[in-house]
>>> print(open('data-v4.cif').read())   # mmCIF, C-alpha atoms, pLDDT in the B column; chains and numbers go by the auth columns
data_start
loop_
_atom_site.group_PDB
_atom_site.id
_atom_site.type_symbol
_atom_site.label_atom_id
_atom_site.label_comp_id
_atom_site.label_asym_id
_atom_site.label_seq_id
_atom_site.Cartn_x
_atom_site.Cartn_y
_atom_site.Cartn_z
_atom_site.B_iso_or_equiv
_atom_site.auth_seq_id
_atom_site.auth_asym_id
ATOM 1 C CA MET A 1 166.244 100.511 106.936 56.00 16 A
ATOM 2 C CA ARG A 2 163.953 103.233 105.555 58.00 17 A
ATOM 3 C CA SER A 3 164.258 104.452 102.012 59.00 18 A
ATOM 4 C CA ALA A 4 164.607 108.188 101.413 62.00 19 A
ATOM 5 C CA GLN A 5 161.300 109.727 100.355 69.00 20 A
ATOM 6 C CA SER A 6 161.200 112.899 98.344 75.00 21 A
ATOM 7 C CA ALA A 7 158.969 115.657 99.715 78.00 22 A
ATOM 8 C CA PHE A 8 158.700 119.408 99.628 75.00 23 A
ATOM 9 C CA THR A 9 160.304 121.330 102.407 85.00 24 A
ATOM 10 C CA LEU A 10 158.498 124.092 104.251 85.00 25 A
ATOM 11 C CA ILE A 11 160.664 126.708 102.540 87.00 26 A
ATOM 12 C CA GLU A 12 159.782 125.365 99.101 85.00 27 A
ATOM 13 C CA LEU A 13 156.065 125.477 99.935 86.00 28 A
ATOM 14 C CA LEU A 14 156.343 129.038 101.254 89.00 29 A
ATOM 15 C CA LEU A 15 158.202 130.075 98.106 90.00 30 A
ATOM 16 C CA VAL A 16 155.389 128.674 95.909 90.00 31 A
ATOM 17 C CA VAL A 17 152.747 130.485 98.000 92.00 32 A
ATOM 18 C CA VAL A 18 154.652 133.785 97.706 91.00 33 A
ATOM 19 C CA ILE A 19 154.995 133.380 93.925 91.00 34 A
ATOM 20 C CA LEU A 20 151.257 132.650 93.586 91.00 35 A
ATOM 21 C CA GLY A 21 150.493 135.730 95.697 89.00 36 A
ATOM 22 C CA ILE A 22 152.638 137.917 93.448 88.00 37 A
ATOM 23 C CA LEU A 23 150.956 136.535 90.319 85.00 38 A
ATOM 24 C CA ALA A 24 147.511 137.172 91.823 82.00 39 A
ATOM 25 C CA ALA A 25 148.481 140.731 92.751 82.00 40 A
ATOM 26 C CA VAL A 26 149.508 141.365 89.145 78.00 41 A
ATOM 27 C CA ALA A 27 146.516 139.632 87.498 71.00 42 A
ATOM 28 C CA ILE A 28 143.592 140.913 89.612 71.00 43 A
ATOM 29 C CA PRO A 29 143.982 144.619 88.687 67.00 44 A
ATOM 30 C CA GLN A 30 144.022 143.602 85.019 63.00 45 A
ATOM 31 C CA PHE A 31 140.611 141.958 85.432 61.00 46 A
ATOM 32 C CA SER A 32 139.144 144.921 87.310 59.00 47 A
ATOM 33 C CA ASP A 33 140.362 147.301 84.580 64.00 48 A
ATOM 34 C CA SER A 34 138.651 145.173 81.944 74.00 49 A
ATOM 35 C CA SER A 35 135.303 145.372 83.721 80.00 50 A
ATOM 36 C CA GLY A 36 135.676 149.163 83.973 83.00 51 A
ATOM 37 C CA GLU A 37 136.517 149.357 80.289 86.00 52 A
ATOM 38 C CA ALA A 38 133.523 147.147 79.464 89.00 53 A
ATOM 39 C CA ARG A 39 131.202 149.450 81.449 91.00 54 A
ATOM 40 C CA ALA A 40 132.641 152.498 79.682 93.00 55 A
ATOM 41 C CA SER A 41 132.221 150.855 76.274 93.00 56 A
ATOM 42 C CA THR A 42 128.628 149.849 77.063 95.00 57 A
ATOM 43 C CA LEU A 43 127.913 153.380 78.272 96.00 58 A
ATOM 44 C CA GLN A 44 129.200 154.815 74.996 96.00 59 A
ATOM 45 C CA SER A 45 127.068 152.339 73.024 95.00 60 A
ATOM 46 C CA ASN A 46 123.949 153.142 75.055 96.00 61 A
ATOM 47 C CA LEU A 47 124.516 156.859 74.568 97.00 62 A
ATOM 48 C CA ALA A 48 124.893 156.335 70.815 96.00 63 A
ATOM 49 C CA VAL A 49 121.586 154.408 70.722 96.00 64 A
ATOM 50 C CA LEU A 50 119.812 157.127 72.717 97.00 65 A
ATOM 51 C CA ARG A 51 121.275 159.966 70.655 97.00 66 A
ATOM 52 C CA ASN A 52 120.326 158.249 67.378 97.00 67 A
ATOM 53 C CA ALA A 53 116.792 157.550 68.623 97.00 68 A
ATOM 54 C CA ILE A 54 116.373 161.185 69.669 97.00 69 A
ATOM 55 C CA GLU A 55 117.544 162.409 66.263 97.00 70 A
ATOM 56 C CA TYR A 56 115.301 159.948 64.382 96.00 71 A
ATOM 57 C CA TYR A 57 112.345 161.079 66.463 97.00 72 A
ATOM 58 C CA ARG A 58 113.184 164.713 65.691 97.00 73 A
ATOM 59 C CA ALA A 59 113.426 163.984 61.949 96.00 74 A
ATOM 60 C CA ASN A 60 109.939 162.402 61.971 96.00 75 A
ATOM 61 C CA HIS A 61 108.284 165.002 64.200 96.00 76 A
ATOM 62 C CA ASN A 62 108.908 168.299 62.393 94.00 77 A
ATOM 63 C CA GLY A 63 112.135 169.126 64.212 96.00 78 A
ATOM 64 C CA ARG A 64 110.677 168.643 67.690 96.00 79 A
ATOM 65 C CA TYR A 65 112.674 166.565 70.164 97.00 80 A
ATOM 66 C CA PRO A 66 110.954 163.906 72.290 98.00 81 A
ATOM 67 C CA GLY A 67 109.692 164.832 75.725 97.00 82 A
ATOM 68 C CA TYR A 68 107.006 167.392 75.014 97.00 83 A
ATOM 69 C CA PRO A 69 103.356 166.400 75.578 96.00 84 A
ATOM 70 C CA ALA A 70 101.210 166.262 72.428 93.00 85 A
ATOM 71 C CA ALA A 71 98.816 168.812 73.947 92.00 86 A
ATOM 72 C CA GLY A 72 101.678 171.185 74.754 92.00 87 A
ATOM 73 C CA GLY A 73 103.376 172.054 77.997 94.00 88 A
ATOM 74 C CA ALA A 74 106.598 171.293 79.787 96.00 89 A
ATOM 75 C CA PRO A 75 108.562 168.170 78.870 97.00 90 A
ATOM 76 C CA THR A 76 108.353 165.167 81.206 97.00 91 A
ATOM 77 C CA GLU A 77 110.194 161.902 81.752 97.00 92 A
ATOM 78 C CA THR A 78 107.037 159.914 80.981 97.00 93 A
ATOM 79 C CA ASP A 79 106.523 161.661 77.635 97.00 94 A
ATOM 80 C CA THR A 80 110.214 161.254 76.766 97.00 95 A
ATOM 81 C CA VAL A 81 110.195 157.518 77.489 97.00 96 A
ATOM 82 C CA ASN A 82 106.838 156.916 75.783 97.00 97 A
ATOM 83 C CA GLN A 83 107.771 158.865 72.661 98.00 98 A
ATOM 84 C CA LEU A 84 110.973 156.837 72.283 97.00 99 A
ATOM 85 C CA THR A 85 109.565 153.388 73.130 97.00 100 A
ATOM 86 C CA LEU A 86 106.025 153.496 71.691 97.00 101 A
ATOM 87 C CA ALA A 87 104.481 154.298 68.314 97.00 102 A
ATOM 88 C CA SER A 88 103.699 157.965 67.759 97.00 103 A
ATOM 89 C CA LYS A 89 102.020 160.506 65.525 96.00 104 A
ATOM 90 C CA VAL A 90 103.621 163.692 64.228 96.00 105 A
ATOM 91 C CA ASP A 91 102.079 165.658 67.131 96.00 106 A
ATOM 92 C CA GLY A 92 103.874 163.430 69.679 96.00 107 A
ATOM 93 C CA SER A 93 100.875 161.452 70.896 97.00 108 A
ATOM 94 C CA THR A 94 101.716 157.798 71.564 97.00 109 A
ATOM 95 C CA ALA A 95 100.108 154.372 71.437 97.00 110 A
ATOM 96 C CA ALA A 96 101.167 150.740 71.473 96.00 111 A
ATOM 97 C CA PRO A 97 103.373 149.727 68.540 95.00 112 A
ATOM 98 C CA GLY A 98 101.262 148.607 65.576 94.00 113 A
ATOM 99 C CA THR A 99 98.334 150.916 66.381 95.00 114 A
ATOM 100 C CA ALA A 100 96.721 152.228 63.195 95.00 115 A
ATOM 101 C CA THR A 101 97.505 155.881 62.375 95.00 116 A
ATOM 102 C CA PHE A 102 100.502 155.911 64.734 96.00 117 A
ATOM 103 C CA GLY A 103 103.065 155.524 61.983 95.00 118 A
ATOM 104 C CA PHE A 104 106.310 156.486 63.687 96.00 119 A
ATOM 105 C CA GLY A 105 108.505 154.624 66.149 93.00 120 A
ATOM 106 C CA PRO A 106 109.233 152.946 68.357 96.00 121 A
ATOM 107 C CA TYR A 107 112.764 154.314 68.247 96.00 122 A
ATOM 108 C CA ILE A 108 113.972 152.115 71.102 96.00 123 A
ATOM 109 C CA ARG A 109 112.561 148.663 71.693 89.00 124 A
ATOM 110 C CA GLU A 110 110.814 147.890 74.968 87.00 125 A
ATOM 111 C CA ARG A 111 112.537 150.319 77.362 92.00 126 A
ATOM 112 C CA LEU A 112 115.339 152.833 77.743 93.00 127 A
ATOM 113 C CA PRO A 113 118.687 151.179 78.371 95.00 128 A
ATOM 114 C CA ALA A 114 120.072 151.388 81.876 96.00 129 A
ATOM 115 C CA ASN A 115 123.208 153.374 82.523 97.00 130 A
ATOM 116 C CA PRO A 116 125.786 150.582 83.044 96.00 131 A
ATOM 117 C CA VAL A 117 127.818 152.647 85.500 95.00 132 A
ATOM 118 C CA ASN A 118 125.079 153.400 88.051 95.00 133 A
ATOM 119 C CA GLY A 119 122.477 150.829 86.918 95.00 134 A
ATOM 120 C CA LEU A 120 119.654 153.380 86.578 96.00 135 A
ATOM 121 C CA ALA A 121 117.344 153.673 83.551 94.00 136 A
ATOM 122 C CA THR A 122 115.580 156.826 84.728 96.00 137 A
ATOM 123 C CA VAL A 123 115.900 160.188 82.978 97.00 138 A
ATOM 124 C CA LEU A 124 116.228 163.626 84.521 97.00 139 A
ATOM 125 C CA VAL A 125 114.301 165.707 81.963 97.00 140 A
ATOM 126 C CA LEU A 126 115.178 169.386 82.126 97.00 141 A
ATOM 127 C CA LYS A 127 112.602 172.085 81.580 96.00 142 A
ATOM 128 C CA ASP A 128 113.231 174.624 78.811 94.00 143 A
ATOM 129 C CA ALA A 129 114.402 177.277 81.279 93.00 144 A
ATOM 130 C CA ASP A 130 116.795 174.891 83.073 95.00 145 A
ATOM 131 C CA ALA A 131 120.492 175.109 82.275 95.00 146 A
ATOM 132 C CA PHE A 132 122.254 171.848 81.515 95.00 147 A
ATOM 133 C CA PRO A 133 124.112 170.744 84.668 95.00 148 A
ATOM 134 C CA ALA A 134 127.876 171.228 84.759 95.00 149 A
ATOM 135 C CA ALA A 135 128.415 167.836 86.404 95.00 150 A
ATOM 136 C CA ALA A 136 126.628 164.579 87.139 96.00 151 A
ATOM 137 C CA ASP A 137 124.927 163.928 90.457 95.00 152 A
ATOM 138 C CA GLY A 138 124.254 160.201 89.917 95.00 153 A
ATOM 139 C CA THR A 139 120.571 160.356 90.935 96.00 154 A
ATOM 140 C CA THR A 140 119.275 159.144 87.546 97.00 155 A
ATOM 141 C CA GLY A 141 120.708 157.165 84.661 96.00 156 A
ATOM 142 C CA TRP A 142 120.566 159.986 82.149 98.00 157 A
ATOM 143 C CA VAL A 143 120.246 163.783 81.951 98.00 158 A
ATOM 144 C CA TYR A 144 118.237 165.002 78.952 98.00 159 A
ATOM 145 C CA GLN A 145 117.387 168.466 77.668 97.00 160 A
ATOM 146 C CA PRO A 146 114.465 168.254 75.191 97.00 161 A
ATOM 147 C CA MET A 147 114.919 171.834 74.032 96.00 162 A
ATOM 148 C CA THR A 148 118.315 170.924 72.497 96.00 163 A
ATOM 149 C CA GLY A 149 118.138 167.116 72.308 97.00 164 A
ATOM 150 C CA ARG A 150 121.282 166.871 74.440 97.00 165 A
ATOM 151 C CA ILE A 151 121.632 163.728 76.550 97.00 166 A
ATOM 152 C CA ARG A 152 124.432 162.635 78.859 97.00 167 A
ATOM 153 C CA ALA A 153 125.129 159.911 81.371 97.00 168 A
ATOM 154 C CA ASN A 154 124.294 161.056 84.897 97.00 169 A
ATOM 155 C CA SER A 155 127.253 159.158 86.344 96.00 170 A
ATOM 156 C CA THR A 156 129.923 160.454 88.634 95.00 171 A
ATOM 157 C CA GLY A 157 133.455 159.158 88.288 93.00 172 A
ATOM 158 C CA ALA A 158 135.643 158.442 85.313 93.00 173 A
ATOM 159 C CA ALA A 159 136.398 155.618 82.910 92.00 174 A
ATOM 160 C CA PRO A 160 139.760 153.821 83.096 88.00 175 A
ATOM 161 C CA SER A 161 140.894 156.149 80.286 88.00 176 A
ATOM 162 C CA GLY A 162 140.423 159.100 82.657 92.00 177 A
ATOM 163 C CA THR A 163 137.459 160.612 80.774 94.00 178 A
ATOM 164 C CA SER A 164 134.558 161.623 82.997 95.00 179 A
ATOM 165 C CA TYR A 165 131.470 159.459 82.353 96.00 180 A
ATOM 166 C CA PHE A 166 129.447 162.678 82.208 96.00 181 A
ATOM 167 C CA ASN A 167 131.575 163.893 79.282 94.00 182 A
ATOM 168 C CA PHE A 168 131.049 160.853 77.053 93.00 183 A
#
>>> encode(input="data-v4.cif", output="structure tokens")
Amino acid sequence: MRSAQSAFTLIELLLVVVILGILAAVAIPQFSDSSGEARASTLQSNLAVLRNAIEYYRANHNGRYPGYPAAGGAPTETDTVNQLTLASKVDGSTAAPGTATFGFGPYIRERLPANPVNGLATVLVLKDADAFPAAADGTTGWVYQPMTGRIRANSTGAAPSGTSYFNF
């Protein structure tokens, strides 16, 4: 005579699978929200670093924002990046950190931070006559206006809080 063995029935197994599915459906959106919140928080931190660096540069360079060539002319992305990441003189000329007579900077170490939302570290530098865009187009990491020192994330979309990345 066989002894009775205990085992799970098919219904019990299906019930466990359904419960696990419900738990997964509840938990997964929580994790995706946290990564969105982390990106938004990193974006705010990166913008704070950039804005502080721009203001420090301005304070050391007679009220002139980074981006303008030392010899004069229209602002460029290359000049903006170099003036923030290299050593500089009051006139805006740049050299490697530690170069004698280049007593200011670097204001940001190594390189500009990437925009954590779109992954780009490039800067759209506006000319003096250009109006600041009303919205992001996502083609660069940042939008910067050297005439005013204004910088924003060039990211479309919104943070989990509902705030547009462009309006951070």
>>> closest_atom_pairs(input="data-v4.cif", of="region 55-75 of chain A", to="region 126-145 of chain A", cutoff="7 Å", atoms="only C-alpha atoms", output="CSV")
residue,atom,partner,partner_atom,distance
A:Thr57,CA,A:Pro131,CA,6.7
A:Leu58,CA,A:Pro131,CA,5.9
A:Asn61,CA,A:Pro128,CA,6.5
>>> closest_residue(input="data-v4.cif", among="A:Leu38, A:Val105, A:Ala173, A:Ala111", to="Tyr83 (chain A)", atoms="only C-alpha atoms")
A:Val105
>>> closest_residue(input="data-v4.cif", among="A:Glu27, A:Glu125, A:Asp106, A:Glu92", to="Trp157 (chain A)", atoms="all atoms listed in the file")
A:Glu92
>>> closest_residue(input="data-v4.cif", among="A:Ala22, A:Gln160, A:Ser108, A:Phe147", to="Gly87 (chain A)", atoms="only C-alpha atoms")
A:Ser108
>>> closest_residue(input="data-v4.cif", among="A:Pro148, A:Gly177, A:Gly172, A:Pro161", to="Gly82 (chain A)", atoms="only C-alpha atoms")
A:Pro161
>>> resolve_selection(input="data-v4.cif", expression="the PyMOL selection byres ((chain A and resi 120) around 7)", output="list in words")
Leu99, Leu101, Ala102, Ser103, Gly118, Phe119, Pro121 and Tyr122 of chain A
>>> closest_residue(input="data-v4.cif", among="A:Ile69, A:Thr24, A:Ser60, A:Leu35", to="Ile166 (chain A)", atoms="all atoms listed in the file")
A:Ile69
>>> axis_aligned_box(input="data-v4.cif", around="region 27-37 of chain A", padding_each_side="6 Å", output="lines of an AutoDock Vina configuration file")
center_x = 155.1
center_y = 131.6
center_z = 97.4
size_x = 21.3
size_y = 24.6
size_z = 19.8
>>> atom_distance(input="data-v4.cif", atom1="CA of Ser176 (chain A)", atom2="CA of Leu65 (chain A)")
22.4 Å
>>> atom_distance(input="data-v4.cif", atom1="CA of Asn75 (chain A)", atom2="CA of Gly156 (chain A)")
25.7 Å
>>> closest_residue(input="data-v4.cif", among="A:Ala150, A:Ala115, A:Met162, A:Ala168", to="Pro90 (chain A)", atoms="only C-alpha atoms")
A:Met162
>>> atom_distance(input="data-v4.cif", atom1="CA of Gly153 (chain A)", atom2="CA of Ser56 (chain A)")
18.4 Å
>>> residues_around(input="data-v4.cif", residues="His76 (chain A)", least_positions_apart="2", cutoff="8 Å", atoms="only C-alpha atoms", output="PyMOL selection string")
chain A and resi 72-74+78-80+104-107
>>> resolve_selection(input="data-v4.cif", expression="the PyMOL selection byres ((chain A and resi 175) around 12)", output="ChimeraX atom specification")
/A:44-45,47-56,172-174,176-180
>>> decode(input="data-v4.cif", residues="region 65-140 of chain A", atoms="C-alpha atoms", output="compact mmCIF listing (two decimals), in the first residue's frame")
# COMPACT_ATOMS: atom_id res chain seq x y z
CA LEU A 65 27.85 74.54 -14.13
CA ARG A 66 26.06 77.65 -12.86
CA ASN A 67 28.55 78.05 -9.98
CA ALA A 68 31.52 77.60 -12.33
CA ILE A 69 30.12 80.21 -14.71
CA GLU A 70 29.63 82.69 -11.88
CA TYR A 71 33.12 82.05 -10.44
CA TYR A 72 34.61 82.59 -13.88
CA ARG A 73 32.66 85.84 -14.23
CA ALA A 74 33.86 87.06 -10.81
CA ASN A 75 37.51 86.47 -11.81
CA HIS A 76 37.24 87.88 -15.33
CA ASN A 77 35.92 91.42 -14.81
CA GLY A 78 32.25 90.51 -15.14
CA ARG A 79 32.67 88.67 -18.44
CA TYR A 80 31.03 85.26 -18.78
CA PRO A 81 32.95 82.33 -20.29
CA GLY A 82 32.66 81.65 -23.99
CA TYR A 83 34.17 84.73 -25.58
CA PRO A 84 37.57 84.39 -27.31
CA ALA A 85 40.42 86.32 -25.66
CA ALA A 86 41.03 88.20 -28.92
CA GLY A 87 37.36 89.18 -29.17
CA GLY A 88 34.57 87.92 -31.36
CA ALA A 89 31.55 85.69 -31.08
CA PRO A 90 31.37 83.11 -28.30
CA THR A 91 32.05 79.47 -29.17
CA GLU A 92 31.59 76.07 -27.57
CA THR A 93 35.36 75.46 -27.63
CA ASP A 94 36.10 78.71 -25.79
CA THR A 95 33.32 78.02 -23.27
CA VAL A 96 34.61 74.53 -22.48
CA ASN A 97 38.27 75.60 -22.38
CA GLN A 98 37.62 78.60 -20.15
CA LEU A 99 35.76 76.41 -17.65
CA THR A 100 38.11 73.39 -17.69
CA LEU A 101 41.56 74.96 -18.15
CA ALA A 102 43.59 77.66 -16.40
CA SER A 103 42.97 81.18 -17.67
CA LYS A 104 44.07 84.78 -17.55
CA VAL A 105 41.80 87.76 -16.96
CA ASP A 106 41.49 88.29 -20.74
CA GLY A 107 40.06 84.76 -21.18
CA SER A 108 43.09 83.13 -22.78
CA THR A 109 43.62 79.55 -21.59
CA ALA A 110 46.42 77.09 -20.93
CA ALA A 111 46.94 73.80 -19.14
CA PRO A 112 46.30 73.95 -15.39
CA GLY A 113 49.46 74.95 -13.51
CA THR A 114 50.84 77.10 -16.34
CA ALA A 115 52.67 80.15 -14.97
CA THR A 116 50.77 83.45 -15.31
CA PHE A 117 47.46 81.65 -15.89
CA GLY A 118 46.21 82.16 -12.36
CA PHE A 119 42.50 81.42 -12.64
CA GLY A 120 40.61 78.16 -12.96
CA PRO A 121 39.99 75.49 -13.80
CA TYR A 122 36.42 75.93 -12.63
CA ILE A 123 35.40 72.40 -13.59
CA ARG A 124 37.82 69.51 -13.42
CA GLU A 125 38.67 67.59 -16.58
CA ARG A 126 35.49 68.06 -18.65
CA LEU A 127 31.95 69.38 -18.63
CA PRO A 128 29.52 66.96 -17.02
CA ALA A 129 27.19 65.08 -19.32
CA ASN A 130 23.49 65.75 -19.18
CA PRO A 131 22.21 62.60 -17.40
CA VAL A 132 18.89 62.66 -19.25
CA ASN A 133 20.21 62.60 -22.83
CA GLY A 134 23.83 61.57 -22.13
CA LEU A 135 25.36 64.48 -24.07
CA ALA A 136 28.14 66.74 -22.76
CA THR A 137 28.07 69.17 -25.68
CA VAL A 138 26.97 72.80 -25.37
CA LEU A 139 24.85 74.83 -27.75
CA VAL A 140 26.45 78.27 -27.31
